[in-house]
Each structure stands twice: as structure tokens, then as C-alpha cells.
>>> print(open('query.cif').read())   # mmCIF, C-alpha atoms and all ligand atoms
data_run
loop_
_atom_site.label_atom_id
_atom_site.label_comp_id
_atom_site.auth_asym_id
_atom_site.auth_seq_id
_atom_site.Cartn_x
_atom_site.Cartn_y
_atom_site.Cartn_z
CA MET A 619 -15.47 29.85 62.88
CA THR A 620 -16.46 33.37 63.98
CA ASP A 621 -15.97 32.35 67.62
CA GLU A 622 -12.36 31.48 66.88
CA PRO A 623 -10.12 34.16 68.38
CA LEU A 624 -7.74 35.93 66.02
CA LEU A 625 -4.84 34.53 67.99
CA ALA A 626 -4.95 31.63 70.42
CA VAL A 627 -1.75 30.76 72.25
CA GLU A 628 -1.75 27.57 74.29
CA GLY A 629 1.04 26.03 76.31
CA LEU A 630 3.62 28.29 74.68
CA ARG A 631 7.02 27.42 76.07
CA THR A 632 10.22 29.02 74.83
CA THR A 633 13.60 28.01 76.11
CA PHE A 634 17.18 28.89 75.23
CA GLU A 635 20.28 26.79 75.32
CA THR A 636 22.76 28.79 77.38
CA GLU A 637 26.20 28.09 78.77
CA THR A 638 24.65 27.63 82.18
CA GLY A 639 21.99 25.23 80.96
CA GLU A 640 18.45 25.54 79.71
CA LEU A 641 16.91 28.94 80.31
CA VAL A 642 13.12 28.90 80.43
CA ALA A 643 11.98 32.32 79.22
CA VAL A 644 8.31 31.48 78.66
CA ASP A 645 6.96 28.53 80.54
CA GLY A 646 3.68 27.24 79.17
CA ILE A 647 1.43 30.27 78.79
CA ASP A 648 -2.08 30.60 77.38
CA PHE A 649 -3.76 33.74 76.07
CA GLU A 650 -5.96 34.97 73.26
CA VAL A 651 -6.36 38.07 71.15
CA ARG A 652 -9.70 38.67 69.47
CA ARG A 653 -10.35 40.78 66.43
CA GLY A 654 -10.52 44.49 67.16
CA GLU A 655 -9.24 44.29 70.72
CA THR A 656 -6.04 45.35 72.45
CA VAL A 657 -4.47 42.81 74.75
CA CYS A 658 -1.65 44.04 76.96
CA LEU A 659 1.07 41.70 78.06
CA VAL A 660 2.43 43.27 81.23
CA GLY A 661 5.21 42.32 83.61
CA GLU A 662 8.57 43.34 84.97
CA SER A 663 11.72 43.37 82.89
CA GLY A 664 12.83 39.81 82.17
CA SER A 665 9.40 38.26 82.70
CA GLY A 666 9.35 36.94 79.14
CA LYS A 667 7.11 39.42 77.34
CA THR A 668 9.33 39.94 74.30
CA VAL A 669 10.18 36.27 73.98
CA ALA A 670 6.46 35.42 74.17
CA VAL A 671 5.41 37.77 71.39
CA GLU A 672 8.41 36.97 69.22
CA SER A 673 7.61 33.28 69.57
CA ILE A 674 4.24 33.83 67.88
CA ALA A 675 5.69 34.43 64.41
CA ARG A 676 8.89 32.55 65.28
CA LEU A 677 11.17 35.59 65.20
CA ILE A 678 13.45 33.68 67.56
CA ASP A 679 16.38 31.71 66.15
CA GLN A 680 16.08 27.99 66.77
CA PRO A 681 18.61 27.02 68.07
CA PRO A 682 19.56 28.47 70.53
CA GLY A 683 15.85 29.02 71.10
CA ARG A 684 13.27 26.28 71.18
CA ILE A 685 9.57 27.07 70.84
CA GLU A 686 6.92 24.56 71.90
CA GLY A 687 3.16 24.69 72.26
CA SER A 688 0.34 25.84 70.06
CA VAL A 689 -0.08 29.16 68.26
CA ARG A 690 -3.29 29.36 66.25
CA PHE A 691 -3.81 32.40 64.09
CA ARG A 692 -7.19 32.82 62.36
CA GLY A 693 -7.71 29.15 63.19
CA GLU A 694 -4.50 27.95 61.58
CA GLU A 695 -1.78 26.23 63.59
CA LEU A 696 1.36 28.25 62.87
CA THR A 697 3.71 25.90 64.65
CA ASP A 698 3.10 23.29 61.95
CA LEU A 699 4.19 25.63 59.17
CA SER A 700 7.61 25.70 57.56
CA ASP A 701 9.50 29.00 57.46
CA GLU A 702 8.41 29.39 53.86
CA GLU A 703 4.76 28.76 54.73
CA LEU A 704 5.04 31.23 57.60
CA ARG A 705 6.04 34.08 55.29
CA PRO A 706 2.54 35.43 54.64
CA TYR A 707 2.17 35.73 58.41
CA ARG A 708 5.52 36.87 59.75
CA GLY A 709 5.81 40.62 59.33
CA ALA A 710 2.73 40.55 57.12
CA SER A 711 -0.65 39.55 58.54
CA ILE A 712 1.17 39.55 61.88
CA ALA A 713 3.12 42.82 61.91
CA TYR A 714 5.55 43.98 64.56
CA VAL A 715 6.52 47.38 65.92
CA PHE A 716 9.48 47.49 68.30
CA GLN A 717 10.84 49.82 70.91
CA ASN A 718 13.59 51.59 68.99
CA PRO A 719 12.50 52.89 65.58
CA GLN A 720 16.02 54.09 64.74
CA ASP A 721 17.26 50.50 64.85
CA ALA A 722 14.78 49.48 62.20
CA LEU A 723 15.21 52.43 59.84
CA ASN A 724 18.19 52.64 57.52
CA HIS A 725 19.76 56.07 57.95
CA CYS A 726 21.20 55.99 54.41
CA TYR A 727 17.84 56.02 52.63
CA THR A 728 14.93 58.42 52.60
CA ILE A 729 11.80 57.55 54.51
CA GLY A 730 9.95 57.40 51.19
CA TRP A 731 12.42 54.98 49.64
CA GLN A 732 12.12 52.64 52.63
CA LEU A 733 8.34 52.72 52.62
CA ILE A 734 8.15 52.24 48.85
CA GLU A 735 10.50 49.25 49.11
CA ALA A 736 8.35 47.74 51.86
CA ILE A 737 5.23 48.22 49.74
CA ARG A 738 6.81 46.70 46.63
CA VAL A 739 8.03 43.66 48.53
CA HIS A 740 4.42 42.81 49.27
CA GLU A 741 2.61 44.15 46.25
CA ASP A 742 3.34 44.10 42.56
CA VAL A 743 2.74 47.81 41.94
CA SER A 744 4.54 50.54 40.04
CA THR A 745 6.89 52.88 41.88
CA SER A 746 4.50 55.77 41.41
CA ALA A 747 1.58 53.79 42.81
CA ALA A 748 3.75 52.69 45.73
CA ARG A 749 4.81 56.29 46.27
CA ALA A 750 1.20 57.43 46.39
CA ARG A 751 0.44 54.67 48.87
CA ALA A 752 3.47 55.64 50.98
CA ILE A 753 2.25 59.24 51.16
CA ASP A 754 -1.17 57.99 52.09
CA LEU A 755 0.24 55.77 54.86
CA LEU A 756 2.33 58.62 56.29
CA ASP A 757 -0.80 60.72 56.33
CA THR A 758 -2.67 57.90 58.09
CA VAL A 759 -0.09 57.77 60.86
CA GLY A 760 -0.25 61.53 61.33
CA ILE A 761 2.89 62.83 59.60
CA PRO A 762 2.01 66.33 58.38
CA ASP A 763 2.84 67.30 54.81
CA PRO A 764 3.70 63.71 53.86
CA ALA A 765 4.35 64.46 50.17
CA SER A 766 7.40 66.53 51.06
CA ARG A 767 8.46 64.63 54.20
CA ILE A 768 8.76 61.47 52.12
CA THR A 769 11.97 62.81 50.58
CA GLU A 770 13.61 63.30 53.98
CA TYR A 771 16.01 61.01 55.81
CA PRO A 772 15.38 59.36 59.18
CA HIS A 773 17.56 61.90 61.04
CA GLN A 774 15.17 64.63 59.92
CA PHE A 775 12.36 62.90 61.81
CA SER A 776 11.84 63.19 65.56
CA GLY A 777 11.71 60.05 67.71
CA GLY A 778 7.93 60.11 67.76
CA GLU A 779 7.77 60.64 64.00
CA LYS A 780 10.15 57.74 63.42
CA GLN A 781 7.89 55.51 65.46
CA ARG A 782 4.95 56.72 63.37
CA VAL A 783 6.93 55.73 60.26
CA MET A 784 7.52 52.27 61.74
CA ILE A 785 3.81 51.97 62.36
CA ALA A 786 3.21 52.99 58.73
CA MET A 787 5.65 50.24 57.69
CA ALA A 788 3.69 47.75 59.77
CA LEU A 789 0.44 48.86 58.11
CA VAL A 790 1.78 48.23 54.59
CA THR A 791 0.52 44.66 54.72
CA GLU A 792 -2.79 45.58 56.37
CA PRO A 793 -2.11 43.19 59.25
CA ASP A 794 -4.84 41.44 61.18
CA LEU A 795 -2.64 41.44 64.25
CA LEU A 796 -0.29 44.24 65.23
CA VAL A 797 2.26 43.26 67.84
CA ALA A 798 3.75 46.32 69.52
CA ASP A 799 6.62 45.64 71.92
CA GLU A 800 7.13 48.66 74.20
CA PRO A 801 6.61 50.99 71.21
CA THR A 802 6.55 54.13 73.34
CA THR A 803 9.17 53.32 75.98
CA ALA A 804 12.00 55.07 74.14
CA LEU A 805 9.94 58.21 73.51
CA ASP A 806 9.38 61.40 75.49
CA VAL A 807 6.45 61.11 77.85
CA THR A 808 4.57 63.82 75.99
CA ILE A 809 4.88 61.88 72.73
CA GLN A 810 3.91 58.53 74.27
CA ALA A 811 0.26 59.47 74.64
CA ASP A 812 0.06 60.54 70.98
CA ILE A 813 1.41 57.21 69.79
CA LEU A 814 -1.01 55.29 72.03
CA GLN A 815 -3.85 57.38 70.66
CA LEU A 816 -2.69 56.66 67.11
CA LEU A 817 -2.66 52.91 67.79
CA GLU A 818 -6.17 53.15 69.20
CA GLU A 819 -7.38 54.96 66.08
CA LEU A 820 -5.70 52.49 63.76
CA LYS A 821 -7.15 49.54 65.64
CA ALA A 822 -10.60 51.01 65.07
CA THR A 823 -9.97 51.91 61.42
CA TYR A 824 -8.40 48.61 60.43
CA GLY A 825 -10.23 46.35 62.86
CA MET A 826 -6.91 44.81 63.86
CA GLY A 827 -6.17 42.93 67.00
CA VAL A 828 -3.35 44.58 68.92
CA LEU A 829 -0.99 42.69 71.20
CA PHE A 830 0.79 45.34 73.22
CA VAL A 831 3.81 44.65 75.41
CA THR A 832 4.52 47.01 78.27
CA HIS A 833 5.85 47.06 81.82
CA ASP A 834 3.75 50.13 82.55
CA LEU A 835 0.29 49.70 84.07
CA ALA A 836 -0.57 53.34 83.37
CA THR A 837 -0.24 52.51 79.67
CA VAL A 838 -2.31 49.37 80.19
CA SER A 839 -5.10 51.42 81.73
CA GLU A 840 -5.06 53.70 78.68
CA ILE A 841 -5.30 51.18 75.91
CA ALA A 842 -6.04 47.63 77.02
CA ASP A 843 -9.28 45.79 76.55
CA ARG A 844 -7.80 42.75 78.22
CA VAL A 845 -4.64 42.15 80.20
CA VAL A 846 -2.27 39.22 80.65
CA VAL A 847 0.01 39.55 83.69
CA LEU A 848 3.26 37.69 83.17
CA TYR A 849 5.79 36.89 85.87
CA ALA A 850 8.94 34.82 85.38
CA GLY A 851 7.57 33.21 82.23
CA LYS A 852 4.21 32.27 83.75
CA VAL A 853 0.80 33.91 83.54
CA MET A 854 -0.24 35.07 87.01
CA GLU A 855 -3.59 36.49 86.06
CA ARG A 856 -5.58 37.56 83.01
CA GLY A 857 -8.87 39.25 82.39
CA GLY A 858 -10.69 42.35 81.21
CA VAL A 859 -8.94 45.60 82.06
CA LEU A 860 -11.71 47.03 84.25
CA GLU A 861 -12.15 43.79 86.15
CA LEU A 862 -8.42 43.46 86.64
CA PHE A 863 -7.93 47.03 87.86
CA GLU A 864 -10.97 46.97 90.12
CA HIS A 865 -10.67 43.41 91.40
CA PRO A 866 -7.06 42.34 91.01
CA ALA A 867 -6.84 38.82 92.33
CA HIS A 868 -3.23 37.70 92.25
CA PRO A 869 -0.95 39.18 94.95
CA TYR A 870 1.52 40.02 92.17
CA THR A 871 -1.06 42.02 90.22
CA ARG A 872 -2.06 43.76 93.44
CA ARG A 873 1.55 44.68 94.10
CA LEU A 874 2.00 45.99 90.56
CA LEU A 875 -1.11 48.11 90.90
CA ALA A 876 -0.05 49.39 94.29
CA CYS A 877 3.05 50.81 92.61
CA LEU A 878 0.85 52.84 90.29
CA PRO A 879 0.46 56.45 91.46
CA GLY A 880 -3.16 57.31 92.00
CA TRP A 881 -4.42 53.75 92.16
CA SER A 882 -6.39 53.27 95.33
CA GLY A 883 -8.35 50.11 94.69
CA GLY A 884 -7.93 48.53 98.07
CA VAL A 885 -4.19 48.77 98.57
CA ASP A 886 -3.32 46.59 101.52
CA PRO A 887 -0.80 47.78 104.11
CA VAL A 888 2.08 45.80 102.67
CA GLU A 889 1.39 46.99 99.17
CA GLY A 890 0.93 50.59 100.25
CA ALA A 891 4.22 50.56 102.10
CA GLU A 892 6.04 49.47 98.99
CA ARG A 893 4.71 51.99 96.54
CA GLY A 894 7.48 52.64 94.06
CA GLY A 895 8.51 49.06 93.53
CA ILE A 896 8.20 45.47 94.58
CA ALA A 897 10.87 44.23 96.97
CA GLY A 898 13.07 41.43 95.67
CA SER A 899 13.76 40.39 92.13
CA LEU A 900 12.67 37.87 89.52
CA PRO A 901 13.86 34.32 90.12
CA ASP A 902 16.84 32.96 88.20
CA PRO A 903 15.40 31.80 84.84
CA ASN A 904 17.93 28.97 84.79
CA ASP A 905 16.58 27.68 88.07
CA PRO A 906 12.99 28.78 88.71
CA PRO A 907 11.45 28.02 92.11
CA ASP A 908 8.89 25.26 92.58
CA GLY A 909 5.27 26.21 92.95
CA CYS A 910 4.08 29.71 92.20
CA ARG A 911 6.95 31.65 90.65
CA PHE A 912 5.97 34.68 92.72
CA ALA A 913 5.88 32.85 96.07
CA PRO A 914 9.42 33.85 97.13
CA ARG A 915 8.33 37.53 96.98
CA CYS A 916 4.74 37.04 98.03
CA ALA A 917 3.53 38.31 101.38
CA TYR A 918 0.80 35.67 101.39
CA ALA A 919 2.83 32.62 100.46
CA GLU A 920 2.04 29.45 102.36
CA PRO A 921 4.05 26.23 102.29
CA ALA A 922 1.67 24.87 99.64
CA CYS A 923 2.62 27.77 97.36
CA THR A 924 6.19 26.53 97.07
CA THR A 925 5.60 22.97 95.91
CA GLY A 926 4.71 21.49 92.55
CA ASP A 927 4.34 23.72 89.50
CA GLN A 928 2.60 27.07 89.00
CA PRO A 929 -0.98 26.53 90.26
CA PRO A 930 -3.58 25.83 87.56
CA GLU A 931 -5.65 28.86 86.64
CA VAL A 932 -8.82 29.34 88.65
CA ASP A 933 -11.78 30.75 86.71
CA LEU A 934 -13.21 33.70 88.66
CA GLY A 935 -15.93 34.21 86.05
CA GLY A 936 -16.28 36.74 83.27
CA ASP A 937 -13.04 35.74 81.56
CA HIS A 938 -11.03 36.47 84.70
CA LEU A 939 -8.45 33.78 85.50
CA VAL A 940 -5.91 33.67 88.29
CA SER A 941 -3.07 31.29 89.08
CA CYS A 942 -3.02 31.37 92.90
CA ILE A 943 -3.94 28.61 95.34
CA HIS A 944 -5.78 31.08 97.57
CA TYR A 945 -8.58 30.98 95.00
CA ASP A 946 -8.91 27.20 95.04
CA ALA A 947 -12.27 25.92 96.23
CA GLY A 948 -12.08 25.61 100.00
CA ASP A 949 -9.39 28.24 100.40
CA ASP A 950 -10.22 31.76 101.52
CA PRO A 951 -8.99 34.50 99.19
CA SER A 952 -10.23 37.21 101.55
CA VAL A 953 -6.93 36.89 103.43
CA LEU A 954 -5.43 38.72 100.45
CA THR A 955 -7.76 41.67 100.67
CA ASP A 956 -9.00 41.98 104.25
CA GLY A 957 -6.56 44.75 105.03
CA THR A 958 -4.73 42.78 107.72
CA PRO A 959 -1.01 43.01 107.24
CA PRO A 960 0.48 39.55 106.89
CA SER A 961 2.66 38.55 109.81
CA ASP A 962 6.42 38.65 109.35
CA GLY A 963 8.03 35.39 108.41
CA VAL A 964 11.59 34.23 108.69
CA ASP A 965 14.48 36.44 107.52
CA GLY A 966 12.28 39.49 107.52
CA SER A 967 10.21 38.45 104.52
CA PRO A 968 6.56 38.63 105.38
CA GLN A 969 4.82 35.29 105.09
CA ARG A 970 1.24 34.48 105.84
CA GLY A 971 0.21 31.19 107.29
CA VAL A 972 3.62 29.87 108.20
CA THR A 973 3.96 31.44 111.64
CA GLU A 974 2.28 30.07 114.76
CA ASP A 975 0.52 33.25 115.77
CA ASP A 976 -1.23 33.64 112.42
N1 LIG A 1001 18.36 34.96 72.84
C1 LIG A 1001 18.31 34.70 74.14
N2 LIG A 1001 19.17 33.81 74.70
C2 LIG A 1001 19.13 33.52 76.02
N3 LIG A 1001 18.25 34.08 76.87
C3 LIG A 1001 17.36 34.96 76.38
C4 LIG A 1001 17.34 35.32 75.00
N4 LIG A 1001 16.36 36.25 74.81
C5 LIG A 1001 15.79 36.44 76.02
N5 LIG A 1001 16.39 35.68 76.97
C6 LIG A 1001 16.04 35.60 78.40
O1 LIG A 1001 14.66 35.32 78.50
C7 LIG A 1001 14.10 35.99 79.61
C8 LIG A 1001 12.92 36.82 79.17
O2 LIG A 1001 13.39 37.89 78.37
P1 LIG A 1001 12.43 38.94 77.66
O3 LIG A 1001 13.28 39.79 76.79
O4 LIG A 1001 11.31 38.23 77.00
O5 LIG A 1001 11.88 39.79 78.89
P2 LIG A 1001 10.90 41.05 78.83
O6 LIG A 1001 9.75 40.74 79.73
O7 LIG A 1001 10.60 41.39 77.42
O8 LIG A 1001 11.80 42.16 79.53
P3 LIG A 1001 11.97 43.73 79.16
O9 LIG A 1001 10.83 44.44 79.81
O10 LIG A 1001 13.28 44.08 79.78
O11 LIG A 1001 11.98 43.87 77.69
C9 LIG A 1001 15.21 36.80 80.23
O12 LIG A 1001 15.75 36.06 81.31
C10 LIG A 1001 16.21 36.93 79.11
O13 LIG A 1001 17.51 37.06 79.61
NI NI A 1002 11.02 43.00 76.26
#
>>> encode(input="query.cif", output="C-alpha cells", more="lines below")
Ligand SMILES: Nc1ncnc2c1ncn2[C@@H]1O[C@H](COP(=O)(O)OP(=O)(O)OP(=O)(O)O)[C@@H](O)[C@H]1O
Ligand code: NI
Amino acid sequence: MTDEPLLAVEGLRTTFETETGELVAVDGIDFEVRRGETVCLVGESGSGKTVAVESIARLIDQPPGRIEGSVRFRGEELTDLSDEELRPYRGASIAYVFQNPQDALNHCYTIGWQLIEAIRVHEDVSTSAARARAIDLLDTVGIPDPASRITEYPHQFSGGEKQRVMIAMALVTEPDLLVADEPTTALDVTIQADILQLLEELKATYGMGVLFVTHDLATVSEIADRVVVLYAGKVMERGGVLELFEHPAHPYTRRLLACLPGWSGGVDPVEGAERGGIAGSLPDPNDPPDGCRFAPRCAYAEPACTTGDQPPEVDLGGDHLVSCIHYDAGDDPSVLTDGTPPSDGVDGSPQRGVTEDD
């Protein structure tokens, strides 16, 4: 029982009915979050990060959405539960913090009123006890002079303070899992680090698992214990943060890292040349390519990369998994890291292994 991860997601697949057909936002992904650790879900815009985390507590309307696969939380299969049975989990033992705190706060009510309401929804306590708890929570999230700030309205709080209030709201239920979807993206850079630091402190204090969504690898390097790299609804690679930053295996991860200023862990010539972004764009989610979803943008794609489904994950040891055929037994992954620029393929896109002179 103690070996059971806090959250175990297996084969999670979330699709939407759209006018142009079925859109596959998340396409059969596996990952885990253990107690007391921060797992970062990282990937470009549109890769399915938000849909993935919102699928966990079924925050997605079905229809048009459709969620399949297994989500086990503290050993319990959540997908079997009715909406009513899910209530103790959704927004409670699994709490969410989103990108824009102003969207979640009601500008007509004081911060205190909103916190007290949130507390009383979950606990049968007097208003004065709830008020004391609200002050305590504001103090916990680093709002100075909470006893007087509690009477203020959202517009009297800065962006960073509003996000701290949202974190306080999430803590009301003492969650076991805090899901934070780009919680710092809307904030000034100077404030972002403070919020990350706060989340780190709270994780330690409460022993929560944190599932953190970001497109920013610099943030990942600050807070992650483990990382899940998502691309076009598929997991490209996952593993411990140090392992992943020092020995990134998937060409997509390597490209992402090469875009990170100051990262010098074996940038290959193609990656180095493209610092500042990855050429090309995500595939059409209504019509994903066969094979590895990244193959159309991958400098190392071979014909075998573009057939079948996303390659099965290869276990590189130490919890490090990669979905890339170059790591299959018998293949030679050193082509990805030997520093030789891949030869140019047709229509200017570099392709390895498909030209005669390779
Ligand atoms: N309600 C919906 N109906 C139809 N398609 C949706 C819906 N919600 C999300 N999608 C699609 O699912 C895909 C994944 O979206 P998602 O919001 O999860 O991406 P993301 O990785 O969180 O991106 P970002 O970094 O921009 O937040 C996108 O193609 C998006 O258009
Ligand atoms: Ni998102």
C-alpha cells in the first residue's frame, strides 16, 4: 500500500467532439505523482497539458469531451466514481490552482468573505472559527498583515498576492495533491520566483504531491523532482529532473533544452542553431501523424519513425523512460548525441538515415 503512488495515470486518453471530427488532445499517457514530490508536465502550447491535468478530477465536460483510461488516486480508481462520489476528490483532496487568479476571484466580495465561504463549504465551523482559519491561511501563503487584508477586495491585491490567495483557497481542504496549471505565467517575472518558492515550502509543510504544468523548462529546473515531457498528446520522455537535464534522450527534449538560455548539456549543431525555438509546429490534433508525433519536426527521423503508433517507452534505467525508436535494442542512440549534424533531407527539413550519403 505504501508503494502505491499518490496518483497513477495509465492510458489516459481525452478526446473532444468537434465540428471537424474527433480531436485527440491526450492520447494514452502514463505518469505518476508520489507523495511529497513535484512532477512537472512540460510541453509546447497545445500539447495537451491542461486537458491531461483537468482529466484527472474530470473537470472536463463530457460531452463534448470523452475521458478514457485509468486514474488511480491513493489507490482508488477515480474513473469508476460517479460525479457525486468524486466530490471529496475534485477541488478537495485534489486541489487546483490556475493561471489567472482574477478569473477565479469574485471582485464583488472581500478576500476574507471568499475564503470563509470556501472553508465553510468543507467544514462545519462557525464564522469566527472560519475567519481565524482564513487569517491563518493568508499568513501561511505569505500575505503580510492578514487580519486587516482579509477585509479588502481582490482589486486591492496585486497579481502575485491574488495568486497567493488562490493557493490559500486550494489549501483550505488540505489537499494531498495540488495541481498547478501555469500558476505563474500571468505574473511578473520577479513575482514568479516567489510563488514557486511558496509552492516548494507548502509541499514540504503539507507533504503534498504537486503536479505542475508549465511550458517553461527554466521553471522545471527550479521546482521539479520528476518531469513528464508531453508532445501532441503523447509522452515523449519522463524521468528524474537531474537525469533528464543531464542526459535528455528524446530529440524533442533535447530541442526544448537547447532553447533554454545557459543550458549547455551537449547541444548538437542543429539544436544550437535553433536556440530560441523549435522550427515547425505541432501536428493537427484532428489528424495526428503516424508513428512518433515528433517525427515530422525531428532531425533524426527515419522511415520507421513515421509508421505505426508512438513507439513504446524504452526503459533507460533509474525511472527514465523514452518513446523513441533510436533507443530500441539493436538501434544506436549515439547518432542523436555524437555531434554530427544530420544530413539535409527533402524540402530542406533535415532527416537522418533517409539520404544515400548518410
Ligand atoms: N473543450 C475543448 N474542445 C475542443 N478542443 C479542446 C478543448 N480543450 C482543449 N482542446 C484542444 O486540445 C488540445 C490540447 O489543449 P491544452 O489546453 O491541453 O494544451 P496545453 O498544453 O495546456 O497548451 P497551453 O500551454 O497553451 O495551455 C489543443 O489542440 C486544444 O485546442
Ligand atoms: Ni494549458
>>> closest_residue(input="query.cif", among="A:Gln774, A:Ser673, A:Gln781, A:Ser688", to="Leu756 (chain A)", atoms="only C-alpha atoms")
A:Gln781
>>> residues_near_ligand(input="query.cif", ligand="ligand NI 1002 (chain A)", cutoff="8 Å", atoms="only C-alpha atoms and all ligand atoms", output="PyMOL selection string")
chain A and resi 663-664+666-669+799-800+831-832
>>> residues_around(input="query.cif", residues="Pro906 (chain A)", least_positions_apart="4", cutoff="9 Å", atoms="only C-alpha atoms", output="mmCIF file with C-alpha atoms, in the coordinates of the input")
data_model
loop_
_atom_site.group_PDB
_atom_site.id
_atom_site.type_symbol
_atom_site.label_atom_id
_atom_site.label_comp_id
_atom_site.auth_asym_id
_atom_site.auth_seq_id
_atom_site.Cartn_x
_atom_site.Cartn_y
_atom_site.Cartn_z
ATOM 1 C CA VAL A 642 13.120 28.900 80.430
ATOM 2 C CA ALA A 850 8.940 34.820 85.380
ATOM 3 C CA PRO A 901 13.860 34.320 90.120
ATOM 4 C CA ASP A 902 16.840 32.960 88.200
ATOM 5 C CA ARG A 911 6.950 31.650 90.650
#
>>> axis_aligned_box(input="query.cif", around="ligand LIG 1001 (chain A)", padding_each_side="5 Å", output="JSON")
{"center_x": 14.5, "center_y": 39.0, "center_z": 77.1, "size_x": 19.4, "size_y": 20.9, "size_z": 18.5}
>>> residues_around(input="query.cif", residues="region 700-706 of chain A", least_positions_apart="4", cutoff="10 Å", atoms="all atoms listed in the file", output="PyMOL selection string")
chain A and resi 675-676+696+710-712+740+791
>>> atom_distance(input="query.cif", atom1="CA of Glu655 (chain A)", atom2="CA of Gly857 (chain A)")
12.7 Å
>>> atom_distance(input="query.cif", atom1="CA of Ile896 (chain A)", atom2="CA of Cys916 (chain A)")
9.7 Å
>>> residues_around(input="query.cif", residues="Arg692 (chain A)", least_positions_apart="4", cutoff="8 Å", atoms="only C-alpha atoms", output="number ranges by chain")
A: 622-625
>>> closest_residue(input="query.cif", among="A:Ala842, A:Ile809, A:Leu848, A:Met784", to="ligand LIG 1001 (chain A)", atoms="all atoms listed in the file")
A:Leu848
